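**Q** Input structure: upload.pdb, which contains PDB, C-alpha atoms.
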```pdb
ATOM      1  CA  MET I   1       0.000   0.000   0.000
ATOM      2  CA  SER I   2       1.237   3.451  -0.688
ATOM      3  CA  LEU I   3      -0.226   5.311   2.253
ATOM      4  CA  SER I   4       2.991   5.078   4.225
ATOM      5  CA  LEU I   5       1.671   6.848   7.299
ATOM      6  CA  ILE I   6      -1.787   7.429   8.737
ATOM      7  CA  ARG I   7      -1.323  10.020  11.416
ATOM      8  CA  LEU I   8      -3.297  11.766  14.145
ATOM      9  CA  ASP I   9      -1.806  15.249  14.564
ATOM     10  CA  ASP I  10      -3.728  18.339  15.644
ATOM     11  CA  ARG I  11      -1.277  20.620  13.817
ATOM     12  CA  LEU I  12      -2.205  18.825  10.591
ATOM     13  CA  ILE I  13       0.303  19.874   7.911
ATOM     14  CA  HIS I  14       3.389  21.261   9.650
ATOM     15  CA  GLY I  15       7.166  20.895   9.811
ATOM     16  CA  GLN I  16       7.267  17.513  11.549
ATOM     17  CA  VAL I  17       5.036  16.090   8.843
ATOM     18  CA  VAL I  18       6.491  17.768   5.765
ATOM     19  CA  VAL I  19      10.158  17.653   6.774
ATOM     20  CA  GLY I  20      10.407  15.093   9.584
ATOM     21  CA  TRP I  21       8.385  12.368   7.854
ATOM     22  CA  GLY I  22       8.139  13.731   4.329
ATOM     23  CA  GLN I  23      11.879  13.639   3.637
ATOM     24  CA  PRO I  24      12.696  10.060   4.730
ATOM     25  CA  LEU I  25       9.474   8.672   3.236
ATOM     26  CA  ASN I  26      10.016  10.618   0.008
ATOM     27  CA  VAL I  27       6.390  11.667   0.151
ATOM     28  CA  GLY I  28       4.583  12.562  -3.067
ATOM     29  CA  PHE I  29       1.190  13.445  -1.649
ATOM     30  CA  ILE I  30      -0.562  14.355   1.599
ATOM     31  CA  VAL I  31      -4.248  13.652   2.228
ATOM     32  CA  LEU I  32      -5.822  15.869   4.868
ATOM     33  CA  VAL I  33      -9.122  14.435   6.093
ATOM     34  CA  ASP I  34     -10.974  17.178   7.939
ATOM     35  CA  ASP I  35     -14.569  18.243   7.384
ATOM     36  CA  GLU I  36     -13.918  21.860   8.371
ATOM     37  CA  VAL I  37     -10.835  22.372   6.195
ATOM     38  CA  ARG I  38     -12.556  20.602   3.288
ATOM     39  CA  ASN I  39     -15.086  23.433   3.228
ATOM     40  CA  SER I  40     -12.709  26.353   3.748
ATOM     41  CA  ALA I  41     -10.766  27.679   0.757
ATOM     42  CA  TRP I  42      -8.586  29.991   2.836
ATOM     43  CA  GLU I  43      -7.605  27.231   5.253
ATOM     44  CA  GLN I  44      -6.686  25.017   2.308
ATOM     45  CA  ASP I  45      -4.453  27.804   0.957
ATOM     46  CA  LEU I  46      -2.874  28.076   4.390
ATOM     47  CA  TYR I  47      -2.026  24.385   4.613
ATOM     48  CA  ARG I  48      -0.703  24.325   1.056
ATOM     49  CA  MET I  49       1.721  27.131   1.964
ATOM     50  CA  GLY I  50       3.765  24.808   4.159
ATOM     51  CA  VAL I  51       4.247  22.190   1.451
ATOM     52  CA  PRO I  52       6.981  22.167  -1.202
ATOM     53  CA  PRO I  53       5.788  22.262  -4.842
ATOM     54  CA  GLY I  54       6.651  18.602  -5.473
ATOM     55  CA  ILE I  55       4.113  17.325  -2.961
ATOM     56  CA  ASP I  56       0.395  17.242  -3.843
ATOM     57  CA  VAL I  57      -2.139  18.038  -1.157
ATOM     58  CA  VAL I  58      -5.613  16.491  -1.253
ATOM     59  CA  PHE I  59      -8.412  17.707   1.016
ATOM     60  CA  ALA I  60     -11.221  15.304   1.857
ATOM     61  CA  ALA I  61     -14.255  15.078   4.115
ATOM     62  CA  ILE I  62     -14.857  11.904   6.113
ATOM     63  CA  SER I  63     -17.821  11.196   3.835
ATOM     64  CA  GLU I  64     -15.448  11.073   0.847
ATOM     65  CA  VAL I  65     -12.992   8.584   2.365
ATOM     66  CA  SER I  66     -14.721   5.324   1.452
ATOM     67  CA  ARG I  67     -14.947   6.400  -2.192
ATOM     68  CA  GLN I  68     -11.330   7.612  -2.473
ATOM     69  CA  LEU I  69      -9.304   5.361  -0.188
ATOM     70  CA  ALA I  70      -8.581   2.742  -2.851
ATOM     71  CA  ALA I  71      -7.162   5.394  -5.183
ATOM     72  CA  TRP I  72      -4.906   6.802  -2.447
ATOM     73  CA  LYS I  73      -3.667   3.331  -1.575
ATOM     74  CA  SER I  74      -2.919   2.402  -5.168
ATOM     75  CA  ASP I  75      -1.099   5.658  -5.884
ATOM     76  CA  PRO I  76       2.487   4.684  -6.768
ATOM     77  CA  ARG I  77       3.896   7.589  -4.733
ATOM     78  CA  PRO I  78       4.324   7.294  -0.963
ATOM     79  CA  GLY I  79       1.612   9.288   0.812
ATOM     80  CA  ILE I  80       0.703  10.542   4.279
ATOM     81  CA  LEU I  81      -2.906  10.728   5.476
ATOM     82  CA  LEU I  82      -3.585  13.176   8.306
ATOM     83  CA  VAL I  83      -6.445  13.698  10.731
ATOM     84  CA  GLY I  84      -6.515  16.308  13.480
ATOM     85  CA  ASP I  85      -8.658  14.765  16.210
ATOM     86  CA  VAL I  86      -9.681  11.424  17.673
ATOM     87  CA  ASP I  87     -13.286  11.644  16.462
ATOM     88  CA  THR I  88     -12.164  12.193  12.870
ATOM     89  CA  LEU I  89      -9.752   9.290  13.251
ATOM     90  CA  ALA I  90     -12.556   7.026  14.458
ATOM     91  CA  GLY I  91     -14.735   8.235  11.573
ATOM     92  CA  LEU I  92     -11.925   7.600   9.116
ATOM     93  CA  ILE I  93     -11.417   4.043  10.300
ATOM     94  CA  ALA I  94     -15.151   3.334  10.270
ATOM     95  CA  ALA I  95     -15.343   4.685   6.713
ATOM     96  CA  ALA I  96     -12.341   2.596   5.666
ATOM     97  CA  GLY I  97     -13.908  -0.681   6.755
ATOM     98  CA  ASN I  98     -11.070  -3.042   7.619
ATOM     99  CA  ASP I  99      -8.672  -1.292   5.307
ATOM    100  CA  ILE I 100      -6.582   0.635   7.857
ATOM    101  CA  HIS I 101      -4.375  -1.505  10.056
ATOM    102  CA  ARG I 102      -1.881   0.886  11.619
ATOM    103  CA  ILE I 103      -2.149   4.425  12.887
ATOM    104  CA  ASN I 104       0.467   6.817  14.206
ATOM    105  CA  VAL I 105      -0.378   9.159  17.084
ATOM    106  CA  GLY I 106       1.869  12.053  16.184
ATOM    107  CA  GLY I 107       0.700  14.970  18.271
ATOM    108  CA  VAL I 108      -2.361  15.860  20.318
ATOM    109  CA  HIS I 109      -1.480  18.845  22.435
ATOM    110  CA  HIS I 110      -2.653  20.288  25.691
ATOM    111  CA  ARG I 111      -6.012  21.934  26.140
ATOM    112  CA  PRO I 112      -8.290  22.115  29.170
ATOM    113  CA  GLY I 113      -9.771  18.708  30.018
ATOM    114  CA  ARG I 114      -6.861  16.748  28.586
ATOM    115  CA  SER I 115      -4.130  15.116  30.648
ATOM    116  CA  GLU I 116      -0.584  14.195  29.671
ATOM    117  CA  ARG I 117       0.009  10.685  28.339
ATOM    118  CA  LEU I 118       3.285  11.429  26.569
ATOM    119  CA  ARG I 119       5.201  14.671  26.044
ATOM    120  CA  TYR I 120       3.313  15.248  22.796
ATOM    121  CA  VAL I 121       0.102  13.342  23.563
ATOM    122  CA  TYR I 122      -2.592  14.859  25.776
ATOM    123  CA  LEU I 123      -6.039  13.234  25.777
ATOM    124  CA  THR I 124      -9.353  13.486  27.559
ATOM    125  CA  ASP I 125     -10.531  10.229  29.124
ATOM    126  CA  ASP I 126     -13.107   9.958  26.338
ATOM    127  CA  GLU I 127     -10.431  10.340  23.644
ATOM    128  CA  ALA I 128      -8.228   7.769  25.387
ATOM    129  CA  ALA I 129     -11.141   5.308  25.518
ATOM    130  CA  LYS I 130     -11.803   5.769  21.793
ATOM    131  CA  LEU I 131      -8.157   5.083  20.927
ATOM    132  CA  LYS I 132      -8.169   1.976  23.109
ATOM    133  CA  GLN I 133     -11.318   0.828  21.365
ATOM    134  CA  LEU I 134      -9.600   1.133  17.972
ATOM    135  CA  ALA I 135      -6.688  -0.923  19.311
ATOM    136  CA  SER I 136      -8.970  -3.607  20.678
ATOM    137  CA  ASN I 137     -10.622  -3.750  17.247
ATOM    138  CA  GLY I 138      -7.268  -4.796  15.837
ATOM    139  CA  VAL I 139      -5.729  -1.508  14.675
ATOM    140  CA  GLU I 140      -2.063  -1.188  15.617
ATOM    141  CA  VAL I 141      -1.811   2.126  17.505
ATOM    142  CA  THR I 142       1.604   3.588  18.298
ATOM    143  CA  ALA I 143       2.777   7.073  19.253
ATOM    144  CA  GLN I 144       5.778   8.611  17.522
ATOM    145  CA  ASP I 145       6.282  12.312  16.838
ATOM    146  CA  VAL I 146       9.235  12.016  14.433
ATOM    147  CA  PRO I 147      10.756   9.031  12.608
ATOM    148  CA  THR I 148      13.935   9.128  14.668
ATOM    149  CA  ALA I 149      11.948   8.573  17.886
ATOM    150  CA  ARG I 150      10.786   5.176  19.118
ATOM    151  CA  ALA I 151       7.260   4.087  18.217
ATOM    152  CA  VAL I 152       5.568   3.750  21.608
ATOM    153  CA  PRO I 153       2.873   1.018  21.688
ATOM    154  CA  ILE I 154      -0.523   2.149  22.997
ATOM    155  CA  GLY I 155      -0.178  -0.175  25.983
ATOM    156  CA  GLU I 156       2.705   1.931  27.255
ATOM    157  CA  PHE I 157       0.872   5.262  27.287
ATOM    158  CA  LEU I 158      -2.794   4.376  27.827
TER
ATOM    159  CA  MET P   1      -0.293  54.699  29.638
ATOM    160  CA  SER P   2       3.309  54.931  30.695
ATOM    161  CA  GLU P   3       4.642  53.746  27.334
ATOM    162  CA  THR P   4       4.079  57.001  25.462
ATOM    163  CA  ALA P   5       7.729  57.348  24.523
ATOM    164  CA  THR P   6       7.912  53.926  22.926
ATOM    165  CA  ALA P   7       4.308  53.274  21.946
ATOM    166  CA  GLY P   8       3.603  52.098  18.424
ATOM    167  CA  THR P   9       3.322  48.906  16.507
ATOM    168  CA  ILE P  10       4.656  45.975  18.501
ATOM    169  CA  GLY P  11       6.228  42.783  17.207
ATOM    170  CA  VAL P  12       5.110  39.331  18.317
ATOM    171  CA  ILE P  13       7.509  36.551  17.301
ATOM    172  CA  VAL P  14       5.873  33.144  16.943
ATOM    173  CA  SER P  15       8.247  30.195  16.699
ATOM    174  CA  HIS P  16       9.095  26.604  17.382
ATOM    175  CA  ALA P  17      10.941  25.788  20.593
ATOM    176  CA  GLU P  18      12.779  28.772  22.192
ATOM    177  CA  LEU P  19      13.740  30.552  18.981
ATOM    178  CA  ALA P  20      11.377  33.505  19.552
ATOM    179  CA  ALA P  21      12.591  34.132  23.098
ATOM    180  CA  ALA P  22      16.205  33.974  21.930
ATOM    181  CA  LEU P  23      15.514  36.516  19.166
ATOM    182  CA  VAL P  24      13.859  38.899  21.629
ATOM    183  CA  ASP P  25      16.885  38.566  23.875
ATOM    184  CA  ALA P  26      19.314  39.166  21.014
ATOM    185  CA  VAL P  27      17.443  42.291  19.860
ATOM    186  CA  ARG P  28      17.481  43.671  23.381
ATOM    187  CA  THR P  29      21.210  43.021  23.707
ATOM    188  CA  ILE P  30      22.086  44.641  20.390
ATOM    189  CA  SER P  31      19.628  47.537  20.245
ATOM    190  CA  GLY P  32      18.844  48.318  23.852
ATOM    191  CA  VAL P  33      15.144  48.393  22.943
ATOM    192  CA  ALA P  34      13.399  46.291  25.543
ATOM    193  CA  ASP P  35       9.664  46.652  25.093
ATOM    194  CA  ALA P  36       9.001  46.348  21.364
ATOM    195  CA  LEU P  37       8.972  42.577  20.978
ATOM    196  CA  HIS P  38       7.161  39.682  22.618
ATOM    197  CA  SER P  39       7.814  35.991  22.138
ATOM    198  CA  VAL P  40       5.415  33.066  21.752
ATOM    199  CA  SER P  41       6.430  29.406  21.403
ATOM    200  CA  ASN P  42       4.227  26.685  19.982
ATOM    201  CA  GLU P  43       5.764  24.247  22.452
ATOM    202  CA  GLY P  44       3.242  21.841  23.931
ATOM    203  CA  CYS P  45       0.057  23.574  22.879
ATOM    204  CA  ASP P  46      -2.679  22.688  20.428
ATOM    205  CA  PRO P  47      -3.582  25.118  17.618
ATOM    206  CA  LYS P  48      -6.429  26.798  19.530
ATOM    207  CA  ALA P  49      -4.205  27.283  22.542
ATOM    208  CA  LEU P  50      -1.506  28.770  20.312
ATOM    209  CA  VAL P  51      -4.002  31.302  18.927
ATOM    210  CA  ALA P  52      -4.837  32.238  22.514
ATOM    211  CA  ARG P  53      -1.141  32.657  23.409
ATOM    212  CA  ILE P  54      -0.597  34.972  20.448
ATOM    213  CA  GLU P  55      -3.744  36.976  21.251
ATOM    214  CA  THR P  56      -2.526  37.461  24.810
ATOM    215  CA  ALA P  57       0.873  38.664  23.586
ATOM    216  CA  ILE P  58      -0.768  41.121  21.178
ATOM    217  CA  GLY P  59      -2.809  42.547  24.036
ATOM    218  CA  GLY P  60      -5.100  44.537  21.738
ATOM    219  CA  ARG P  61      -2.248  46.602  20.270
ATOM    220  CA  PRO P  62      -1.374  47.022  16.587
ATOM    221  CA  ALA P  63       1.169  44.329  15.840
ATOM    222  CA  VAL P  64       3.327  42.601  13.269
ATOM    223  CA  LEU P  65       3.361  38.840  13.814
ATOM    224  CA  PHE P  66       6.814  37.519  12.905
ATOM    225  CA  VAL P  67       6.610  33.783  12.165
ATOM    226  CA  ASP P  68       9.595  31.440  11.784
ATOM    227  CA  LEU P  69       8.491  29.280   8.836
ATOM    228  CA  PRO P  70       6.300  30.041   5.800
ATOM    229  CA  GLY P  71       3.943  27.202   6.745
ATOM    230  CA  GLY P  72       2.965  25.062   9.702
ATOM    231  CA  SER P  73       1.312  25.594  13.042
ATOM    232  CA  CYS P  74       2.853  28.976  13.873
ATOM    233  CA  LEU P  75       1.800  30.481  10.545
ATOM    234  CA  SER P  76      -1.653  28.866  10.658
ATOM    235  CA  SER P  77      -2.388  30.346  14.045
ATOM    236  CA  ALA P  78      -0.989  33.767  13.101
ATOM    237  CA  ILE P  79      -3.083  33.963   9.948
ATOM    238  CA  ARG P  80      -6.164  32.693  11.751
ATOM    239  CA  LEU P  81      -5.824  35.725  14.028
ATOM    240  CA  ALA P  82      -4.796  38.308  11.459
ATOM    241  CA  ARG P  83      -7.439  37.565   8.823
ATOM    242  CA  GLY P  84      -9.527  40.649   8.192
ATOM    243  CA  ARG P  85      -7.814  42.672  10.924
ATOM    244  CA  GLY P  86      -6.015  45.748   9.600
ATOM    245  CA  GLU P  87      -4.197  46.313  12.885
ATOM    246  CA  LEU P  88      -2.307  43.030  12.429
ATOM    247  CA  ALA P  89       0.150  41.927   9.729
ATOM    248  CA  VAL P  90       2.133  38.712   9.281
ATOM    249  CA  VAL P  91       5.746  38.232   8.148
ATOM    250  CA  THR P  92       7.338  34.789   7.672
ATOM    251  CA  GLY P  93      10.987  33.782   7.814
ATOM    252  CA  VAL P  94      11.800  36.006  10.770
ATOM    253  CA  ASN P  95      15.467  36.881  11.233
ATOM    254  CA  LEU P  96      17.496  39.088  13.516
ATOM    255  CA  ALA P  97      18.221  41.694  10.841
ATOM    256  CA  MET P  98      14.543  42.411  10.178
ATOM    257  CA  LEU P  99      13.804  42.673  13.885
ATOM    258  CA  LEU P 100      16.649  45.139  14.467
ATOM    259  CA  ASP P 101      15.257  47.319  11.697
ATOM    260  CA  PHE P 102      11.679  46.918  12.924
ATOM    261  CA  VAL P 103      12.251  48.087  16.488
ATOM    262  CA  PHE P 104      13.369  51.492  15.217
ATOM    263  CA  HIS P 105      10.399  51.915  12.863
ATOM    264  CA  ARG P 106       7.453  51.202  15.082
ATOM    265  CA  ASP P 107       5.753  54.426  14.066
ATOM    266  CA  LEU P 108       4.712  52.680  10.854
ATOM    267  CA  PRO P 109       1.305  51.003  10.797
ATOM    268  CA  PRO P 110       1.510  47.169  10.798
ATOM    269  CA  ALA P 111       1.142  46.575   7.054
ATOM    270  CA  GLU P 112       3.913  49.053   6.200
ATOM    271  CA  ALA P 113       6.102  47.865   9.061
ATOM    272  CA  ALA P 114       5.694  44.316   7.775
ATOM    273  CA  GLN P 115       6.710  45.287   4.236
ATOM    274  CA  ARG P 116       9.734  47.138   5.544
ATOM    275  CA  ALA P 117      10.720  44.129   7.669
ATOM    276  CA  VAL P 118      10.549  41.838   4.653
ATOM    277  CA  GLU P 119      12.915  44.126   2.770
ATOM    278  CA  ALA P 120      15.333  44.498   5.689
ATOM    279  CA  GLY P 121      15.311  40.763   6.368
ATOM    280  CA  SER P 122      15.843  39.870   2.728
ATOM    281  CA  ARG P 123      18.846  42.191   2.430
ATOM    282  CA  ALA P 124      20.543  40.204   5.191
ATOM    283  CA  ILE P 125      20.465  36.932   3.282
ATOM    284  CA  ARG P 126      23.551  36.833   1.102
ATOM    285  CA  THR P 127      26.661  34.831   0.251
ATOM    286  CA  PRO P 128      29.468  37.301   1.016
ATOM    287  CA  ALA P 129      32.896  36.577  -0.371
ATOM    288  CA  ALA P 130      34.934  34.876   2.327
TER
END
```
I'd like the structure from this file rewritten - as structure tokens, please.
**A**
Amino acid sequence: MSLSLIRLDDRLIHGQVVVGWGQPLNVGFIVLVDDEVRNSAWEQDLYRMGVPPGIDVVFAAISEVSRQLAAWKSDPRPGILLVGDVDTLAGLIAAAGNDIHRINVGGVHHRPGRSERLRYVYLTDDEAAKLKQLASNGVEVTAQDVPTARAVPIGEFL
Amino acid sequence: MSETATAGTIGVIVSHAELAAALVDAVRTISGVADALHSVSNEGCDPKALVARIETAIGGRPAVLFVDLPGGSCLSSAIRLARGRGELAVVTGVNLAMLLDFVFHRDLPPAEAAQRAVEAGSRAIRTPAA
């Protein structure tokens, strides 16, 4: 499959993704699944600004995932799929059927109601429960902010 | 207001890690101007929290938001705030040279101060003969 990384990261397209992962994976395209950004031209412009010209950016709503996933996976270029929150991640995996087997928790930062699980992972209890549910459904969930760090299995932080 | 002598457009530097704080410190050391710049780091906060940090640093004053990279979380949050607000302007690729020029031209309104900063910062990027 050519979606090399399926990542939960509330900063969406940013340096860690474009440089940190994009360089070693030689990424050719980034899929950003987010209902709000899908409907906002100026936000799409904003996220495109951080991406070098050689990398395509595709914006999709959760409702478009089931129709487009096969095309993303059969794209010959390595790709990264991003979601910004746990609910979108759960929606993505539901829409993908059994077609997503591994997800990377890359960054969910502090806000009121969340507690620290790792330096770069803060979750509410509800968000933690949803991630655990995905893992118990057979999805491999690990946390790793950059490729040079260790992939931390969900059992070690939740 | 006790800042009459130095009032004007302020600069808010938004960066990864401690870069912004280090730039503020360097400007103060070189120029002696201590109250023109404020630093914000994106360390450990989600995008909404970063917007709130920047808003707090702006404190309702006219400001140029100096961002480290031309993309990413710092720029996203800066533009989210500055959209449609004439009292705010955004500059990317912040460097020390543009900040040193900026602190002596704070009488300019934000959009003009931002343009001037871009020119001053660009002039500093060269390959001098060694």
**Q** So what does the PyMOL selection byres ((chain I and resi 128) around 12) actually pick up in this one, as a ChimeraX atom specification?
**A** /I:85-87,90,105,108,113-117,121-127,129-135,141,154-155,157-158
**Q** Decode the PyMOL selection byres ((chain I and resi 23-25) around 10) for the given file into explicit residues and return them as a list in words.
**A**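 Going through the file, the PyMOL selection byres ((chain I and resi 23-25) around 10) ends up selecting Ser4, Leu5, Gln16, Val17, Val18, Val19, Gly20, Trp21, Gly22, Asn26, Val27, Gly28, Arg77, Pro78, Gly79, Ile80 and Pro147 of chain I.
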**Q** Could you list, as a list in words, every residue within 12 Å of Asp46 of chain P, counting all atoms listed in the file and ignoring same-chain residues fewer than 6 positions away?
**A** Asp9, Asp10, Arg11, Leu12, Gly84, Asp85, Gly107, Val108, His109, His110, Arg111, Pro112, Arg114, Tyr120, Val121, Tyr122 and Leu123 of chain I; Ala52, Arg53, Ser73, Cys74, Ser76 and Ser77 of chain P
**Q** One decimal, Å: what's the distance from atom CA of Leu81 of chain I over to atom CA of Asn104 of chain I, could you say?
**A**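 Computing it gives 10.1 Å between the two atoms.
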**Q** Mind pulling up the distance from atom CA of Val90 of chain P to atom CA of Ser122 of chain P?
**A**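 We find that atom CA of Ser122 of chain P and atom CA of Val90 of chain P lie 15.2 Å from each other.
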**Q** Neighbouring residues of segment 27-30 of chain P were defined as those with any atom within 8 Å, considering all atoms listed in the file; residues of the same chain fewer than 4 positions away were excluded. Please report them as a PyMOL selection string.
**A** chain P and resi 23+34+96+99-100
**Q** Which one of P:Val12, P:Ile79, P:Ile54, P:Val24 sits closest to Trp42 of chain I if you count only C-alpha atoms?
**A**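 Going through P:Val12, P:Ile79, P:Ile54, P:Val24 one by one, the smallest distance to Trp42 of chain I is for P:Ile79.
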**Q** Give me, as JSON lines, the closest atom pair and its distance (Å, one decimal) for every residue of chain P within a cut-off of 7 Å of chain I, counting all atoms listed in the file, rows sorted by chain and rising number.
**A**
```
{"residue": "P:Gly44", "atom": "CA", "partner": "I:His109", "partner_atom": "CA", "distance": 5.8}
{"residue": "P:Cys45", "atom": "CA", "partner": "I:His109", "partner_atom": "CA", "distance": 5.0}
{"residue": "P:Asp46", "atom": "CA", "partner": "I:His109", "partner_atom": "CA", "distance": 4.5}
{"residue": "P:Pro47", "atom": "CA", "partner": "I:Arg11", "partner_atom": "CA", "distance": 6.3}
{"residue": "P:Ala49", "atom": "CA", "partner": "I:Arg111", "partner_atom": "CA", "distance": 6.7}
{"residue": "P:Pro70", "atom": "CA", "partner": "I:Gly50", "partner_atom": "CA", "distance": 6.0}
{"residue": "P:Gly71", "atom": "CA", "partner": "I:Gly50", "partner_atom": "CA", "distance": 3.5}
{"residue": "P:Gly72", "atom": "CA", "partner": "I:His14", "partner_atom": "CA", "distance": 3.8}
{"residue": "P:Ser73", "atom": "CA", "partner": "I:Arg11", "partner_atom": "CA", "distance": 5.7}
{"residue": "P:Ser76", "atom": "CA", "partner": "I:Leu46", "partner_atom": "CA", "distance": 6.4}
```
**Q** Kindly save the residues from that selection, with C-alpha atoms included, as a PDB file, keeping the file's coordinate frame.
**A**
```pdb
ATOM      1  CA  GLY P  44       3.242  21.841  23.931  1.00  0.00           C
ATOM      2  CA  CYS P  45       0.057  23.574  22.879  1.00  0.00           C
ATOM      3  CA  ASP P  46      -2.679  22.688  20.428  1.00  0.00           C
ATOM      4  CA  PRO P  47      -3.582  25.118  17.618  1.00  0.00           C
ATOM      5  CA  ALA P  49      -4.205  27.283  22.542  1.00  0.00           C
ATOM      6  CA  PRO P  70       6.300  30.041   5.800  1.00  0.00           C
ATOM      7  CA  GLY P  71       3.943  27.202   6.745  1.00  0.00           C
ATOM      8  CA  GLY P  72       2.965  25.062   9.702  1.00  0.00           C
ATOM      9  CA  SER P  73       1.312  25.594  13.042  1.00  0.00           C
ATOM     10  CA  SER P  76      -1.653  28.866  10.658  1.00  0.00           C
TER      11      SER P  76
END
```
**Q** Identify which of the residues P:Glu55, P:Glu112, P:Asp35, P:Glu119 lies closest to Leu81 of chain P, counting only C-alpha atoms when measuring atom-to-atom distances.
**A**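 Ranking P:Glu55, P:Glu112, P:Asp35, P:Glu119 by distance to Leu81 of chain P, first place goes to P:Glu55.
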**Q** Could you pull the residues within 12 Å of Gly91 of chain I, counting only C-alpha atoms, minus those fewer than 6 positions along the same chain, as a VMD selection string?
**A** chain I and resid 33 to 35 61 to 66 83 to 85 97 100 130 to 131 134
**Q** Quote the spacing between atom CA of Arg80 of chain P and atom CA of Gly121 of chain P in Å to one decimal place.
**A**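 Distance reported for this atom pair: 23.6 Å.
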**Q** Determine, counting only C-alpha atoms, which protein, DNA and RNA residues have an atom within 8 Å of an atom of Phe66 of chain P; residues of the same chain fewer than 3 positions away are not included. Present the result as an mmCIF file with C-alpha atoms, in the frame of the given file.
**A**
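Output below, filename around-v6.cif:
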```
data_model
loop_
_atom_site.group_PDB
_atom_site.id
_atom_site.type_symbol
_atom_site.label_atom_id
_atom_site.label_comp_id
_atom_site.auth_asym_id
_atom_site.auth_seq_id
_atom_site.Cartn_x
_atom_site.Cartn_y
_atom_site.Cartn_z
ATOM 1 C CA GLY P 11 6.228 42.783 17.207
ATOM 2 C CA VAL P 12 5.110 39.331 18.317
ATOM 3 C CA ILE P 13 7.509 36.551 17.301
ATOM 4 C CA VAL P 14 5.873 33.144 16.943
ATOM 5 C CA VAL P 90 2.133 38.712 9.281
ATOM 6 C CA VAL P 91 5.746 38.232 8.148
ATOM 7 C CA THR P 92 7.338 34.789 7.672
ATOM 8 C CA GLY P 93 10.987 33.782 7.814
ATOM 9 C CA VAL P 94 11.800 36.006 10.770
#
```
**Q** Here is a test: counting all atoms listed in the file, which residue of P:Met98, P:Leu19, P:Val33, P:Ala26 is nearest to Val64 of chain P?
**A**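 Answer, going by the shortest atom-to-atom distance: P:Met98.
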**Q** Taking all atoms listed in the file into account, name the residue in P:Asp107, P:Ala129, P:His16, P:Gln115 that is nearest to Leu75 of chain P.
**A** P:His16
**Q** Taking all atoms of segment 50-55 of chain P that the file lists, what box with edges along x, y and z, padded by 5 Å per side, do you get, with centre and edge lengths in Å to one decimal, as AutoDock Vina command-line options?
**A**
```
--center_x -2.7 --center_y 32.9 --center_z 21.2 --size_x 14.2 --size_y 18.2 --size_z 14.5
```
**Q** From the set I:Val139, I:Leu92, I:Ala60, I:Ala151, which residue has the shortest atom-to-atom contact distance to Val37 of chain I, counting all atoms listed in the file?
**A**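 Ranking I:Val139, I:Leu92, I:Ala60, I:Ala151 by distance to Val37 of chain I, first place goes to I:Ala60.
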**Q** Taking into account all atoms listed in the file, which residue in the set P:Ala36, P:Asp68, P:Gly59, P:Ala7 is nearest to Ala20 of chain P?
**A**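 Looking only at the distances to Ala20 of chain P, the closest residue turns out to be P:Asp68.
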**Q** Could you add the missing atoms to segment 89-100 of chain P, up to N, CA and C atoms, and return them as a PDB file, in the frame of the given file?
**A**
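Writing done, so here's result.pdb:
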```
ATOM      1  N   ALA P  89      -0.460  42.376  10.985  1.00  0.00           N
ATOM      2  CA  ALA P  89       0.150  41.927   9.729  1.00  0.00           C
ATOM      3  C   ALA P  89       1.075  40.759  10.055  1.00  0.00           C
ATOM      4  N   VAL P  90       1.325  39.915   9.061  1.00  0.00           N
ATOM      5  CA  VAL P  90       2.133  38.712   9.281  1.00  0.00           C
ATOM      6  C   VAL P  90       3.357  38.732   8.364  1.00  0.00           C
ATOM      7  N   VAL P  91       4.512  38.388   8.921  1.00  0.00           N
ATOM      8  CA  VAL P  91       5.746  38.232   8.148  1.00  0.00           C
ATOM      9  C   VAL P  91       6.298  36.839   8.449  1.00  0.00           C
ATOM     10  N   THR P  92       6.723  36.097   7.430  1.00  0.00           N
ATOM     11  CA  THR P  92       7.338  34.789   7.672  1.00  0.00           C
ATOM     12  C   THR P  92       8.845  34.866   7.483  1.00  0.00           C
ATOM     13  N   GLY P  93       9.537  33.843   7.968  1.00  0.00           N
ATOM     14  CA  GLY P  93      10.987  33.782   7.814  1.00  0.00           C
ATOM     15  C   GLY P  93      11.706  34.809   8.681  1.00  0.00           C
ATOM     16  N   VAL P  94      11.217  34.987   9.884  1.00  0.00           N
ATOM     17  CA  VAL P  94      11.800  36.006  10.770  1.00  0.00           C
ATOM     18  C   VAL P  94      13.314  35.828  10.914  1.00  0.00           C
ATOM     19  N   ASN P  95      14.036  36.937  10.895  1.00  0.00           N
ATOM     20  CA  ASN P  95      15.467  36.881  11.233  1.00  0.00           C
ATOM     21  C   ASN P  95      15.850  38.118  12.049  1.00  0.00           C
ATOM     22  N   LEU P  96      17.050  38.044  12.593  1.00  0.00           N
ATOM     23  CA  LEU P  96      17.496  39.088  13.516  1.00  0.00           C
ATOM     24  C   LEU P  96      17.598  40.435  12.816  1.00  0.00           C
ATOM     25  N   ALA P  97      18.042  40.436  11.568  1.00  0.00           N
ATOM     26  CA  ALA P  97      18.221  41.694  10.841  1.00  0.00           C
ATOM     27  C   ALA P  97      16.890  42.441  10.688  1.00  0.00           C
ATOM     28  N   MET P  98      15.832  41.721  10.358  1.00  0.00           N
ATOM     29  CA  MET P  98      14.543  42.411  10.178  1.00  0.00           C
ATOM     30  C   MET P  98      14.020  42.943  11.503  1.00  0.00           C
ATOM     31  N   LEU P  99      14.288  42.228  12.574  1.00  0.00           N
ATOM     32  CA  LEU P  99      13.804  42.673  13.885  1.00  0.00           C
ATOM     33  C   LEU P  99      14.551  43.929  14.340  1.00  0.00           C
ATOM     34  N   LEU P 100      15.858  43.969  14.078  1.00  0.00           N
ATOM     35  CA  LEU P 100      16.649  45.139  14.467  1.00  0.00           C
ATOM     36  C   LEU P 100      16.196  46.378  13.701  1.00  0.00           C
TER      37      LEU P 100
END
```
